[in-house]
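Next comes entry-v2.pdb, with PDB, N, CA and C atoms.
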MODEL        1
ATOM      1  N   MET A1184       4.719  19.897   5.166
ATOM      2  CA  MET A1184       4.969  21.095   4.380
ATOM      3  C   MET A1184       5.328  20.705   2.957
ATOM      4  N   LEU A1185       4.637  21.230   1.990
ATOM      5  CA  LEU A1185       4.867  20.917   0.589
ATOM      6  C   LEU A1185       5.841  21.922   0.002
ATOM      7  N   VAL A1186       6.978  21.424  -0.513
ATOM      8  CA  VAL A1186       7.982  22.289  -1.122
ATOM      9  C   VAL A1186       8.380  21.671  -2.453
ATOM     10  N   SER A1187       8.073  22.333  -3.550
ATOM     11  CA  SER A1187       8.425  21.853  -4.883
ATOM     12  C   SER A1187       8.067  20.388  -5.086
ATOM     13  N   GLY A1188       6.911  19.984  -4.645
ATOM     14  CA  GLY A1188       6.483  18.604  -4.827
ATOM     15  C   GLY A1188       7.015  17.651  -3.782
ATOM     16  N   TYR A1189       7.775  18.141  -2.824
ATOM     17  CA  TYR A1189       8.323  17.288  -1.776
ATOM     18  C   TYR A1189       7.751  17.671  -0.433
ATOM     19  N   VAL A1190       7.639  16.686   0.430
ATOM     20  CA  VAL A1190       7.024  16.871   1.733
ATOM     21  C   VAL A1190       7.983  16.395   2.798
ATOM     22  N   GLY A1191       7.948  17.039   3.951
ATOM     23  CA  GLY A1191       8.716  16.546   5.096
ATOM     24  C   GLY A1191      10.167  16.341   4.785
ATOM     25  N   MET A1192      10.637  15.098   4.930
ATOM     26  CA  MET A1192      12.047  14.769   4.787
ATOM     27  C   MET A1192      12.422  14.391   3.355
ATOM     28  N   GLY A1193      11.753  14.931   2.364
ATOM     29  CA  GLY A1193      12.108  14.650   0.986
ATOM     30  C   GLY A1193      11.227  13.621   0.317
ATOM     31  N   LEU A1194      10.098  13.291   0.919
ATOM     32  CA  LEU A1194       9.172  12.356   0.295
ATOM     33  C   LEU A1194       8.248  13.123  -0.638
ATOM     34  N   LYS A1195       8.249  12.746  -1.916
ATOM     35  CA  LYS A1195       7.437  13.476  -2.889
ATOM     36  C   LYS A1195       5.958  13.195  -2.680
ATOM     37  N   ARG A1196       5.151  14.166  -3.007
ATOM     38  CA  ARG A1196       3.695  14.039  -2.899
ATOM     39  C   ARG A1196       3.240  13.017  -3.936
ATOM     40  N   LEU A1197       2.544  12.002  -3.489
ATOM     41  CA  LEU A1197       2.035  10.965  -4.386
ATOM     42  C   LEU A1197       0.597  11.295  -4.773
ATOM     43  N   ASP A1198       0.288  11.119  -6.036
ATOM     44  CA  ASP A1198      -1.082  11.336  -6.495
ATOM     45  C   ASP A1198      -1.986  10.263  -5.911
ATOM     46  N   GLU A1199      -3.218  10.633  -5.660
ATOM     47  CA  GLU A1199      -4.177   9.680  -5.114
ATOM     48  C   GLU A1199      -4.336   8.504  -6.071
ATOM     49  N   PRO A1200      -4.190   7.289  -5.558
ATOM     50  CA  PRO A1200      -4.292   6.096  -6.413
ATOM     51  C   PRO A1200      -5.745   5.668  -6.600
ATOM     52  N   SER A1201      -6.425   6.282  -7.558
ATOM     53  CA  SER A1201      -7.859   6.034  -7.728
ATOM     54  C   SER A1201      -8.161   4.576  -8.046
ATOM     55  N   GLU A1202      -7.260   3.902  -8.781
ATOM     56  CA  GLU A1202      -7.520   2.502  -9.118
ATOM     57  C   GLU A1202      -7.438   1.613  -7.867
ATOM     58  N   ILE A1203      -6.555   1.941  -6.947
ATOM     59  CA  ILE A1203      -6.461   1.187  -5.692
ATOM     60  C   ILE A1203      -7.671   1.488  -4.818
ATOM     61  N   LYS A1204      -8.085   2.739  -4.794
ATOM     62  CA  LYS A1204      -9.261   3.121  -4.016
ATOM     63  C   LYS A1204     -10.493   2.351  -4.500
ATOM     64  N   GLU A1205     -10.674   2.272  -5.798
ATOM     65  CA  GLU A1205     -11.819   1.546  -6.351
ATOM     66  C   GLU A1205     -11.711   0.047  -6.064
ATOM     67  N   PHE A1206     -10.505  -0.500  -6.145
ATOM     68  CA  PHE A1206     -10.294  -1.915  -5.833
ATOM     69  C   PHE A1206     -10.689  -2.213  -4.390
ATOM     70  N   ILE A1207     -10.247  -1.369  -3.461
ATOM     71  CA  ILE A1207     -10.556  -1.567  -2.043
ATOM     72  C   ILE A1207     -12.062  -1.480  -1.815
ATOM     73  N   LYS A1208     -12.716  -0.518  -2.458
ATOM     74  CA  LYS A1208     -14.178  -0.394  -2.326
ATOM     75  C   LYS A1208     -14.886  -1.646  -2.833
ATOM     76  N   LYS A1209     -14.406  -2.202  -3.932
ATOM     77  CA  LYS A1209     -15.016  -3.413  -4.482
ATOM     78  C   LYS A1209     -14.815  -4.595  -3.534
ATOM     79  N   VAL A1210     -13.590  -4.744  -3.029
ATOM     80  CA  VAL A1210     -13.320  -5.828  -2.084
ATOM     81  C   VAL A1210     -14.245  -5.696  -0.877
ATOM     82  N   ARG A1211     -14.379  -4.485  -0.370
ATOM     83  CA  ARG A1211     -15.231  -4.268   0.812
ATOM     84  C   ARG A1211     -16.679  -4.610   0.497
ATOM     85  N   ALA A1212     -17.167  -4.222  -0.646
ATOM     86  CA  ALA A1212     -18.547  -4.538  -1.043
ATOM     87  C   ALA A1212     -18.736  -6.053  -1.144
ATOM     88  N   ASP A1213     -17.730  -6.741  -1.656
ATOM     89  CA  ASP A1213     -17.803  -8.202  -1.785
ATOM     90  C   ASP A1213     -17.821  -8.897  -0.427
ATOM     91  N   LEU A1214     -17.319  -8.226   0.601
ATOM     92  CA  LEU A1214     -17.287  -8.811   1.947
ATOM     93  C   LEU A1214     -18.615  -8.651   2.691
ATOM     94  N   GLY A1215     -19.555  -7.922   2.109
ATOM     95  CA  GLY A1215     -20.868  -7.750   2.728
ATOM     96  C   GLY A1215     -21.103  -6.328   3.188
ATOM     97  N   ARG A1216     -22.344  -6.034   3.453
ATOM     98  CA  ARG A1216     -22.743  -4.665   3.805
ATOM     99  C   ARG A1216     -22.698  -4.368   5.292
ATOM    100  N   ASP A1217     -22.503  -5.376   6.111
ATOM    101  CA  ASP A1217     -22.520  -5.151   7.558
ATOM    102  C   ASP A1217     -21.410  -4.188   7.978
ATOM    103  N   ASN A1218     -21.679  -3.438   9.018
ATOM    104  CA  ASN A1218     -20.718  -2.477   9.552
ATOM    105  C   ASN A1218     -19.719  -3.256  10.417
ATOM    106  N   ASN A1219     -18.582  -3.628   9.802
ATOM    107  CA  ASN A1219     -17.653  -4.532  10.449
ATOM    108  C   ASN A1219     -16.232  -4.022  10.281
ATOM    109  N   ILE A1220     -15.574  -3.707  11.384
ATOM    110  CA  ILE A1220     -14.215  -3.158  11.336
ATOM    111  C   ILE A1220     -13.228  -4.152  10.743
ATOM    112  N   ASP A1221     -13.434  -5.438  10.999
ATOM    113  CA  ASP A1221     -12.532  -6.448  10.443
ATOM    114  C   ASP A1221     -12.627  -6.488   8.920
ATOM    115  N   SER A1222     -13.827  -6.382   8.398
ATOM    116  CA  SER A1222     -14.013  -6.370   6.943
ATOM    117  C   SER A1222     -13.423  -5.106   6.331
ATOM    118  N   ASP A1223     -13.593  -3.976   7.015
ATOM    119  CA  ASP A1223     -12.999  -2.723   6.533
ATOM    120  C   ASP A1223     -11.475  -2.857   6.447
ATOM    121  N   ALA A1224     -10.855  -3.359   7.506
ATOM    122  CA  ALA A1224      -9.402  -3.497   7.542
ATOM    123  C   ALA A1224      -8.920  -4.518   6.513
ATOM    124  N   LEU A1225      -9.629  -5.622   6.389
ATOM    125  CA  LEU A1225      -9.256  -6.642   5.408
ATOM    126  C   LEU A1225      -9.276  -6.068   3.996
ATOM    127  N   ALA A1226     -10.294  -5.294   3.687
ATOM    128  CA  ALA A1226     -10.386  -4.681   2.359
ATOM    129  C   ALA A1226      -9.205  -3.757   2.098
ATOM    130  N   VAL A1227      -8.838  -2.948   3.071
ATOM    131  CA  VAL A1227      -7.716  -2.013   2.921
ATOM    132  C   VAL A1227      -6.395  -2.759   2.697
ATOM    133  N   TRP A1228      -6.234  -3.888   3.360
ATOM    134  CA  TRP A1228      -4.956  -4.607   3.318
ATOM    135  C   TRP A1228      -4.899  -5.724   2.277
ATOM    136  N   THR A1229      -5.963  -5.969   1.519
ATOM    137  CA  THR A1229      -5.966  -7.032   0.523
ATOM    138  C   THR A1229      -4.836  -6.840  -0.482
ATOM    139  N   PHE A1230      -4.006  -7.860  -0.605
ATOM    140  CA  PHE A1230      -2.859  -7.897  -1.520
ATOM    141  C   PHE A1230      -1.813  -6.803  -1.260
ATOM    142  N   ASN A1231      -1.902  -6.114  -0.126
ATOM    143  CA  ASN A1231      -0.938  -5.056   0.209
ATOM    144  C   ASN A1231      -0.798  -4.010  -0.897
ATOM    145  N   ARG A1232      -1.850  -3.783  -1.637
ATOM    146  CA  ARG A1232      -1.763  -2.833  -2.757
ATOM    147  C   ARG A1232      -1.417  -1.420  -2.297
ATOM    148  N   LEU A1233      -2.008  -0.976  -1.205
ATOM    149  CA  LEU A1233      -1.759   0.388  -0.744
ATOM    150  C   LEU A1233      -0.324   0.565  -0.225
ATOM    151  N   PRO A1234       0.170  -0.315   0.651
ATOM    152  CA  PRO A1234       1.560  -0.154   1.070
ATOM    153  C   PRO A1234       2.541  -0.256  -0.095
ATOM    154  N   LYS A1235       2.261  -1.150  -1.040
ATOM    155  CA  LYS A1235       3.149  -1.290  -2.192
ATOM    156  C   LYS A1235       3.163  -0.004  -3.015
ATOM    157  N   PHE A1236       2.015   0.639  -3.145
ATOM    158  CA  PHE A1236       1.941   1.906  -3.873
ATOM    159  C   PHE A1236       2.859   2.956  -3.229
ATOM    160  N   PHE A1237       2.738   3.107  -1.906
ATOM    161  CA  PHE A1237       3.598   4.064  -1.193
ATOM    162  C   PHE A1237       5.066   3.670  -1.328
ATOM    163  N   TRP A1238       5.358   2.396  -1.108
ATOM    164  CA  TRP A1238       6.743   1.925  -1.153
ATOM    165  C   TRP A1238       7.361   2.185  -2.532
ATOM    166  N   ASP A1239       6.633   1.860  -3.583
ATOM    167  CA  ASP A1239       7.146   2.069  -4.937
ATOM    168  C   ASP A1239       7.423   3.546  -5.205
ATOM    169  N   GLY A1240       6.597   4.414  -4.649
ATOM    170  CA  GLY A1240       6.793   5.852  -4.853
ATOM    171  C   GLY A1240       7.923   6.442  -4.042
ATOM    172  N   TRP A1241       8.232   5.836  -2.906
ATOM    173  CA  TRP A1241       9.208   6.419  -1.968
ATOM    174  C   TRP A1241      10.403   5.532  -1.656
ATOM    175  N   LYS A1242      10.527   4.389  -2.325
ATOM    176  CA  LYS A1242      11.518   3.378  -1.944
ATOM    177  C   LYS A1242      12.924   3.942  -1.728
ATOM    178  N   GLU A1243      13.427   4.693  -2.675
ATOM    179  CA  GLU A1243      14.810   5.194  -2.563
ATOM    180  C   GLU A1243      14.963   6.134  -1.366
ATOM    181  N   GLU A1244      14.012   7.039  -1.194
ATOM    182  CA  GLU A1244      14.069   7.982  -0.078
ATOM    183  C   GLU A1244      13.954   7.250   1.265
ATOM    184  N   LEU A1245      13.078   6.248   1.315
ATOM    185  CA  LEU A1245      12.898   5.490   2.555
ATOM    186  C   LEU A1245      14.173   4.747   2.929
ATOM    187  N   LYS A1246      14.835   4.175   1.950
ATOM    188  CA  LYS A1246      16.094   3.463   2.226
ATOM    189  C   LYS A1246      17.134   4.411   2.804
ATOM    190  N   VAL A1247      17.222   5.610   2.249
ATOM    191  CA  VAL A1247      18.158   6.619   2.759
ATOM    192  C   VAL A1247      17.810   6.981   4.205
ATOM    193  N   MET A1248      16.524   6.985   4.499
ATOM    194  CA  MET A1248      16.046   7.328   5.840
ATOM    195  C   MET A1248      16.174   6.151   6.811
ATOM    196  N   GLY A1249      16.631   4.999   6.322
ATOM    197  CA  GLY A1249      16.782   3.831   7.177
ATOM    198  C   GLY A1249      15.495   3.061   7.417
ATOM    199  N   VAL A1250      14.510   3.267   6.554
ATOM    200  CA  VAL A1250      13.219   2.596   6.695
ATOM    201  C   VAL A1250      13.189   1.404   5.744
ATOM    202  N   LYS A1251      13.202   0.208   6.306
ATOM    203  CA  LYS A1251      13.120  -1.017   5.515
ATOM    204  C   LYS A1251      11.664  -1.439   5.395
ATOM    205  N   TRP A1252      11.409  -2.369   4.481
ATOM    206  CA  TRP A1252      10.060  -2.819   4.187
ATOM    207  C   TRP A1252       9.303  -3.249   5.439
ATOM    208  N   GLN A1253       9.948  -4.010   6.318
ATOM    209  CA  GLN A1253       9.264  -4.513   7.515
ATOM    210  C   GLN A1253       8.820  -3.367   8.424
ATOM    211  N   LEU A1254       9.696  -2.390   8.642
ATOM    212  CA  LEU A1254       9.341  -1.218   9.448
ATOM    213  C   LEU A1254       8.256  -0.419   8.740
ATOM    214  N   PHE A1255       8.385  -0.288   7.439
ATOM    215  CA  PHE A1255       7.398   0.454   6.668
ATOM    216  C   PHE A1255       6.004  -0.154   6.823
ATOM    217  N   LEU A1256       5.918  -1.479   6.765
ATOM    218  CA  LEU A1256       4.617  -2.136   6.949
ATOM    219  C   LEU A1256       4.045  -1.871   8.341
ATOM    220  N   LYS A1257       4.902  -1.842   9.356
ATOM    221  CA  LYS A1257       4.428  -1.534  10.713
ATOM    222  C   LYS A1257       3.880  -0.108  10.774
ATOM    223  N   ILE A1258       4.582   0.804  10.135
ATOM    224  CA  ILE A1258       4.135   2.198  10.092
ATOM    225  C   ILE A1258       2.790   2.289   9.368
ATOM    226  N   MET A1259       2.689   1.603   8.249
ATOM    227  CA  MET A1259       1.439   1.629   7.490
ATOM    228  C   MET A1259       0.285   1.040   8.307
ATOM    229  N   ARG A1260       0.550  -0.033   9.048
ATOM    230  CA  ARG A1260      -0.489  -0.654   9.887
ATOM    231  C   ARG A1260      -1.040   0.344  10.900
ATOM    232  N   MET A1261      -0.170   1.236  11.371
ATOM    233  CA  MET A1261      -0.601   2.241  12.340
ATOM    234  C   MET A1261      -1.654   3.178  11.739
ATOM    235  N   HIS A1262      -1.750   3.193  10.431
ATOM    236  CA  HIS A1262      -2.660   4.109   9.739
ATOM    237  C   HIS A1262      -3.856   3.404   9.107
ATOM    238  N   THR A1263      -4.142   2.188   9.538
ATOM    239  CA  THR A1263      -5.283   1.454   8.983
ATOM    240  C   THR A1263      -6.566   2.269   9.101
ATOM    241  N   ASP A1264      -6.808   2.859  10.246
ATOM    242  CA  ASP A1264      -8.024   3.650  10.435
ATOM    243  C   ASP A1264      -8.067   4.855   9.490
ATOM    244  N   ASP A1265      -6.918   5.494   9.267
ATOM    245  CA  ASP A1265      -6.862   6.619   8.322
ATOM    246  C   ASP A1265      -7.235   6.150   6.920
ATOM    247  N   PHE A1266      -6.696   4.988   6.507
ATOM    248  CA  PHE A1266      -7.002   4.460   5.181
ATOM    249  C   PHE A1266      -8.487   4.134   5.058
ATOM    250  N   ILE A1267      -9.050   3.556   6.107
ATOM    251  CA  ILE A1267     -10.483   3.241   6.112
ATOM    252  C   ILE A1267     -11.302   4.523   5.984
ATOM    253  N   LYS A1268     -10.943   5.538   6.757
ATOM    254  CA  LYS A1268     -11.670   6.814   6.686
ATOM    255  C   LYS A1268     -11.566   7.445   5.303
ATOM    256  N   TRP A1269     -10.397   7.337   4.671
ATOM    257  CA  TRP A1269     -10.192   7.921   3.340
ATOM    258  C   TRP A1269     -10.967   7.166   2.272
ATOM    259  N   VAL A1270     -10.767   5.852   2.198
ATOM    260  CA  VAL A1270     -11.279   5.104   1.057
ATOM    261  C   VAL A1270     -12.743   4.673   1.201
ATOM    262  N   LEU A1271     -13.162   4.332   2.398
ATOM    263  CA  LEU A1271     -14.504   3.761   2.558
ATOM    264  C   LEU A1271     -15.557   4.738   3.059
ATOM    265  N   TYR A1272     -15.144   5.763   3.805
ATOM    266  CA  TYR A1272     -16.129   6.650   4.428
ATOM    267  C   TYR A1272     -15.982   8.115   4.038
ATOM    268  N   ASP A1273     -14.994   8.446   3.218
ATOM    269  CA  ASP A1273     -14.765   9.829   2.783
ATOM    270  C   ASP A1273     -14.721  10.810   3.950
ATOM    271  N   LYS A1274     -14.101  10.399   5.050
ATOM    272  CA  LYS A1274     -13.979  11.259   6.224
ATOM    273  C   LYS A1274     -12.579  11.847   6.357
ATOM    274  N   MET A1275     -11.708  11.531   5.400
ATOM    275  CA  MET A1275     -10.351  12.056   5.417
ATOM    276  C   MET A1275      -9.885  12.209   3.967
ATOM    277  N   SER A1276      -9.196  13.292   3.695
ATOM    278  CA  SER A1276      -8.693  13.506   2.341
ATOM    279  C   SER A1276      -7.398  12.714   2.128
ATOM    280  N   TRP A1277      -7.067  12.500   0.868
ATOM    281  CA  TRP A1277      -5.819  11.825   0.524
ATOM    282  C   TRP A1277      -4.626  12.590   1.095
ATOM    283  N   ASP A1278      -4.641  13.924   0.973
ATOM    284  CA  ASP A1278      -3.529  14.725   1.492
ATOM    285  C   ASP A1278      -3.361  14.547   2.995
ATOM    286  N   GLU A1279      -4.474  14.454   3.734
ATOM    287  CA  GLU A1279      -4.392  14.217   5.182
ATOM    288  C   GLU A1279      -3.757  12.870   5.480
ATOM    289  N   VAL A1280      -4.159  11.855   4.724
ATOM    290  CA  VAL A1280      -3.603  10.516   4.920
ATOM    291  C   VAL A1280      -2.096  10.538   4.671
ATOM    292  N   VAL A1281      -1.689  11.123   3.550
ATOM    293  CA  VAL A1281      -0.262  11.182   3.210
ATOM    294  C   VAL A1281       0.511  11.941   4.281
ATOM    295  N   ASP A1282      -0.014  13.067   4.745
ATOM    296  CA  ASP A1282       0.659  13.851   5.789
ATOM    297  C   ASP A1282       0.851  13.030   7.062
ATOM    298  N   ARG A1283      -0.154  12.260   7.440
ATOM    299  CA  ARG A1283      -0.059  11.437   8.646
ATOM    300  C   ARG A1283       0.971  10.324   8.485
ATOM    301  N   VAL A1284       0.975   9.683   7.327
ATOM    302  CA  VAL A1284       1.952   8.627   7.073
ATOM    303  C   VAL A1284       3.364   9.205   7.116
ATOM    304  N   ILE A1285       3.561  10.336   6.471
ATOM    305  CA  ILE A1285       4.881  10.975   6.463
ATOM    306  C   ILE A1285       5.319  11.324   7.882
ATOM    307  N   SER A1286       4.421  11.859   8.671
ATOM    308  CA  SER A1286       4.742  12.219  10.053
ATOM    309  C   SER A1286       5.219  10.998  10.839
ATOM    310  N   THR A1287       4.561   9.878  10.652
ATOM    311  CA  THR A1287       4.950   8.663  11.358
ATOM    312  C   THR A1287       6.278   8.145  10.850
ATOM    313  N   ILE A1288       6.504   8.213   9.549
ATOM    314  CA  ILE A1288       7.802   7.809   8.981
ATOM    315  C   ILE A1288       8.910   8.656   9.587
ATOM    316  N   GLU A1289       8.695   9.970   9.658
ATOM    317  CA  GLU A1289       9.698  10.861  10.235
ATOM    318  C   GLU A1289       9.977  10.499  11.689
ATOM    319  N   GLN A1290       8.945  10.131  12.410
ATOM    320  CA  GLN A1290       9.081   9.778  13.818
ATOM    321  C   GLN A1290       9.950   8.535  14.023
ATOM    322  N   TYR A1291       9.851   7.566  13.121
ATOM    323  CA  TYR A1291      10.528   6.295  13.308
ATOM    324  C   TYR A1291      11.725   6.067  12.388
ATOM    325  N   SER A1292      12.066   7.028  11.556
ATOM    326  CA  SER A1292      13.194   6.837  10.634
ATOM    327  C   SER A1292      14.522   7.154  11.322
ATOM    328  N   ASP A1293      15.589   6.605  10.736
ATOM    329  CA  ASP A1293      16.942   6.876  11.235
ATOM    330  C   ASP A1293      17.541   8.091  10.560
ATOM    331  N   GLY A1294      16.949   8.534   9.473
ATOM    332  CA  GLY A1294      17.500   9.642   8.681
ATOM    333  C   GLY A1294      17.298  10.992   9.346
ATOM    334  N   GLU A1295      17.918  11.973   8.741
ATOM    335  CA  GLU A1295      17.803  13.335   9.272
ATOM    336  C   GLU A1295      16.894  14.148   8.410
TER     337      GLU A1295
ENDMDL
END

Could you render the structure as C-alpha coordinates?
Amino acid sequence: MLVSGYVGMGLKRLDEPSEIKEFIKKVRADLGRDNNIDSDALAVWTFNRLPKFFWDGWKEELKVMGVKWQLFLKIMRMHTDDFIKWVLYDKMSWDEVVDRVISTIEQYSDGE
(Lines of atoms letter the chains of each structure in order from A and count residues from 1; the text may use other names and numbers.)
(Lines give C-alpha, C1' and ligand atoms only; values in the text may rest on other atoms or scores of the structure.)
Protein backbone atom coordinates (compact mmCIF):
# COMPACT_ATOMS: atom_id res chain seq x y z
CA MET A 1 0.00 0.00 0.00
CA LEU A 2 1.47 3.34 -1.05
CA VAL A 3 0.94 6.14 1.48
CA SER A 4 2.67 9.50 0.97
CA GLY A 5 5.59 7.84 -0.78
CA TYR A 6 5.87 5.08 1.82
CA VAL A 7 4.98 1.44 1.47
CA GLY A 8 4.22 -1.29 3.97
CA MET A 9 6.18 -0.79 7.17
CA GLY A 10 7.60 2.62 6.27
CA LEU A 11 9.83 1.71 3.34
CA LYS A 12 9.78 4.54 0.82
CA ARG A 13 9.05 3.81 -2.82
CA LEU A 14 12.35 3.68 -4.69
CA ASP A 15 12.56 4.93 -8.25
CA GLU A 16 13.46 2.34 -10.84
CA PRO A 17 17.26 2.24 -11.15
CA SER A 18 17.58 2.51 -14.93
CA GLU A 19 21.38 2.63 -14.82
CA ILE A 20 21.49 -0.66 -12.88
CA LYS A 21 18.95 -2.20 -15.24
CA GLU A 22 21.09 -1.28 -18.24
CA PHE A 23 24.24 -2.56 -16.51
CA ILE A 24 22.59 -5.94 -15.82
CA LYS A 25 21.39 -6.18 -19.43
CA LYS A 26 24.92 -5.49 -20.68
CA VAL A 27 26.45 -8.07 -18.35
CA ARG A 28 23.88 -10.62 -19.52
CA ALA A 29 24.59 -9.87 -23.18
CA ASP A 30 28.32 -10.28 -22.52
CA LEU A 31 27.64 -13.74 -21.05
CA GLY A 32 26.17 -14.97 -24.35
CA ARG A 33 22.81 -15.34 -26.01
CA ASP A 34 21.98 -18.85 -24.82
CA ASN A 35 18.89 -19.27 -22.67
CA ASN A 36 20.68 -20.03 -19.41
CA ILE A 37 19.27 -19.50 -15.91
CA ASP A 38 22.76 -19.41 -14.39
CA SER A 39 23.81 -16.59 -16.71
CA ASP A 40 20.59 -14.70 -15.97
CA ALA A 41 21.17 -14.98 -12.20
CA LEU A 42 24.85 -14.11 -12.49
CA ALA A 43 24.00 -10.95 -14.43
CA VAL A 44 21.46 -9.87 -11.80
CA TRP A 45 23.91 -10.44 -8.94
CA THR A 46 27.08 -9.00 -10.53
CA PHE A 47 28.77 -6.68 -8.02
CA ASN A 48 25.62 -6.78 -5.82
CA ARG A 49 24.51 -3.53 -7.45
CA LEU A 50 20.80 -4.23 -7.06
CA PRO A 51 20.87 -5.23 -3.37
CA LYS A 52 23.14 -2.28 -2.62
CA PHE A 53 20.66 0.05 -4.33
CA PHE A 54 17.81 -1.21 -2.12
CA TRP A 55 19.97 -1.20 1.00
CA ASP A 56 21.16 2.37 0.43
CA GLY A 57 17.57 3.51 -0.03
CA TRP A 58 16.17 1.71 3.02
CA LYS A 59 19.15 1.21 5.37
CA GLU A 60 17.84 3.22 8.33
CA GLU A 61 14.33 1.76 8.14
CA LEU A 62 15.69 -1.78 7.77
CA LYS A 63 17.88 -1.39 10.84
CA VAL A 64 14.86 -0.26 12.86
CA MET A 65 13.01 -3.33 11.57
CA GLY A 66 15.87 -5.56 12.75
CA VAL A 67 17.00 -6.45 9.23
CA LYS A 68 20.78 -6.66 8.96
CA TRP A 69 22.76 -6.85 5.73
CA GLN A 70 23.16 -10.64 5.87
CA LEU A 71 19.41 -11.23 6.32
CA PHE A 72 18.69 -8.62 3.67
CA LEU A 73 20.87 -10.47 1.15
CA LYS A 74 19.00 -13.71 1.90
CA ILE A 75 15.70 -11.93 1.32
CA MET A 76 16.98 -10.45 -1.92
CA ARG A 77 18.19 -13.89 -3.10
CA MET A 78 14.62 -15.13 -2.69
CA HIS A 79 13.65 -12.64 -5.40
CA THR A 80 16.26 -13.54 -8.04
CA ASP A 81 13.55 -14.77 -10.40
CA ASP A 82 11.56 -11.54 -9.92
CA PHE A 83 14.65 -9.49 -10.77
CA ILE A 84 15.28 -11.62 -13.85
CA LYS A 85 11.67 -11.20 -14.99
CA TRP A 86 11.87 -7.42 -14.44
CA VAL A 87 15.23 -6.60 -15.97
CA LEU A 88 15.80 -9.23 -18.66
CA TYR A 89 12.35 -10.33 -19.86
CA ASP A 90 10.02 -7.40 -19.08
CA LYS A 91 7.54 -9.81 -17.49
CA MET A 92 7.27 -7.90 -14.22
CA SER A 93 7.06 -4.20 -13.45
CA TRP A 94 9.42 -2.43 -11.07
CA ASP A 95 6.49 -1.72 -8.72
CA GLU A 96 5.65 -5.45 -8.60
CA VAL A 97 9.25 -6.30 -7.77
CA VAL A 98 9.40 -3.69 -5.00
CA ASP A 99 6.07 -4.86 -3.55
CA ARG A 100 7.30 -8.46 -3.43
CA VAL A 101 10.59 -7.51 -1.79
CA ILE A 102 8.76 -5.42 0.81
CA SER A 103 6.35 -8.26 1.54
CA THR A 104 9.25 -10.63 2.20
CA ILE A 105 11.02 -8.06 4.38
CA GLU A 106 7.84 -7.66 6.42
CA GLN A 107 7.58 -11.43 6.77
CA TYR A 108 11.10 -11.82 8.17
CA SER A 109 11.66 -8.54 10.05
CA ASP A 110 11.63 -8.14 13.82
CA GLY A 111 9.95 -4.73 13.62
CA GLU A 112 6.30 -3.91 13.93

Problem set entry | the PyMOL selection byres ((chain A and resi 1275-1283) around 8) applied to the shown file, residues as a count of residues only | 23

Exercise. When DSSP works through the backbone of this structure, what residues of stretch 1185-1274 of chain A end up as helix (DSSP H, G or I), shown as an MDAnalysis selection string?
Worked result: chainID A and resid 1201:1213 1220:1247 1252:1260 1263:1270

For this session: Go through A:Ile1207, A:Trp1238, A:Asp1217, A:Ala1212 and flag the residue nearest A:Leu1254, using only C-alpha atoms for the distances.
Result: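 Closest to A:Leu1254, using only C-alpha atoms: A:Trp1238.
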
For this session: Convert the output of the PyMOL selection byres ((chain A and resi 1220-1226) around 6.5) on the shown file into explicit residues, formatted as a list in words.
Result: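 Going through the file, the PyMOL selection byres ((chain A and resi 1220-1226) around 6.5) ends up selecting Ile1207, Val1210, Arg1211, Leu1214, Asn1218, Asn1219, Val1227, Trp1228, Thr1229 and Ile1267 of chain A.
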
Problem set entry | Residues within 7 Å of A:Glu1244, all atoms listed in the file, excluding chain neighbours under 5 positions, as a PyMOL selection string | chain A and resi 1193-1194+1249-1250

Exercise. What is the distance between atom N of A:Asp1293 and atom CA of A:Lys1251, in Å to one decimal?
Worked result: 9.6 Å

For this session: One decimal, Å: what's the distance from atom CA of A:Thr1263 over to atom CA of A:Ser1201, could you say?
Result: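 About the pair atom CA of A:Thr1263 and atom CA of A:Ser1201: they are 17.5 Å apart.
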
For this session: Find the residue from A:Glu1202, A:Arg1260, A:Gln1290, A:Gly1215 that sits nearest to A:Asn1231; use only C-alpha atoms when measuring.
Result: A:Arg1260

Problem set entry | d(atom CA of A:Val1247, atom CA of A:Lys1204) in Å | 28.5 Å

Exercise. Counting only C-alpha atoms, which of A:Phe1230, A:Arg1216, A:Ile1203, A:Phe1255 gets nearest to A:Ser1292?
Worked result: A:Phe1255

Could you model N, CA, C and O atoms for stretch 1246-1260 of chain A and present them as a short mmCIF file (atom, residue, chain, number, x, y, z; two decimals), in the coordinates of the input?
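That gives us part.cif:
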data_model
loop_
_atom_site.label_atom_id
_atom_site.label_comp_id
_atom_site.auth_asym_id
_atom_site.auth_seq_id
_atom_site.Cartn_x
_atom_site.Cartn_y
_atom_site.Cartn_z
N LYS A 1246 14.84 4.18 1.95
CA LYS A 1246 16.09 3.46 2.23
C LYS A 1246 17.13 4.41 2.80
O LYS A 1246 17.83 4.06 3.76
N VAL A 1247 17.22 5.61 2.25
CA VAL A 1247 18.16 6.62 2.76
C VAL A 1247 17.81 6.98 4.20
O VAL A 1247 18.69 7.21 5.03
N MET A 1248 16.52 6.98 4.50
CA MET A 1248 16.05 7.33 5.84
C MET A 1248 16.17 6.15 6.81
O MET A 1248 15.85 6.28 7.99
N GLY A 1249 16.63 5.00 6.32
CA GLY A 1249 16.78 3.83 7.18
C GLY A 1249 15.50 3.06 7.42
O GLY A 1249 15.39 2.29 8.37
N VAL A 1250 14.51 3.27 6.55
CA VAL A 1250 13.22 2.60 6.70
C VAL A 1250 13.19 1.40 5.74
O VAL A 1250 13.17 1.58 4.53
N LYS A 1251 13.20 0.21 6.31
CA LYS A 1251 13.12 -1.02 5.52
C LYS A 1251 11.66 -1.44 5.40
O LYS A 1251 10.80 -0.96 6.12
N TRP A 1252 11.41 -2.37 4.48
CA TRP A 1252 10.06 -2.82 4.19
C TRP A 1252 9.30 -3.25 5.44
O TRP A 1252 8.15 -2.89 5.63
N GLN A 1253 9.95 -4.01 6.32
CA GLN A 1253 9.26 -4.51 7.52
C GLN A 1253 8.82 -3.37 8.42
O GLN A 1253 7.70 -3.37 8.93
N LEU A 1254 9.70 -2.39 8.64
CA LEU A 1254 9.34 -1.22 9.45
C LEU A 1254 8.26 -0.42 8.74
O LEU A 1254 7.30 0.05 9.37
N PHE A 1255 8.38 -0.29 7.44
CA PHE A 1255 7.40 0.45 6.67
C PHE A 1255 6.00 -0.15 6.82
O PHE A 1255 5.02 0.56 7.01
N LEU A 1256 5.92 -1.48 6.76
CA LEU A 1256 4.62 -2.14 6.95
C LEU A 1256 4.04 -1.87 8.34
O LEU A 1256 2.84 -1.66 8.49
N LYS A 1257 4.90 -1.84 9.36
CA LYS A 1257 4.43 -1.53 10.71
C LYS A 1257 3.88 -0.11 10.77
O LYS A 1257 2.85 0.15 11.39
N ILE A 1258 4.58 0.80 10.14
CA ILE A 1258 4.14 2.20 10.09
C ILE A 1258 2.79 2.29 9.37
O ILE A 1258 1.86 2.96 9.83
N MET A 1259 2.69 1.60 8.25
CA MET A 1259 1.44 1.63 7.49
C MET A 1259 0.28 1.04 8.31
O MET A 1259 -0.82 1.57 8.29
N ARG A 1260 0.55 -0.03 9.05
CA ARG A 1260 -0.49 -0.65 9.89
C ARG A 1260 -1.04 0.34 10.90
O ARG A 1260 -2.22 0.30 11.24
#
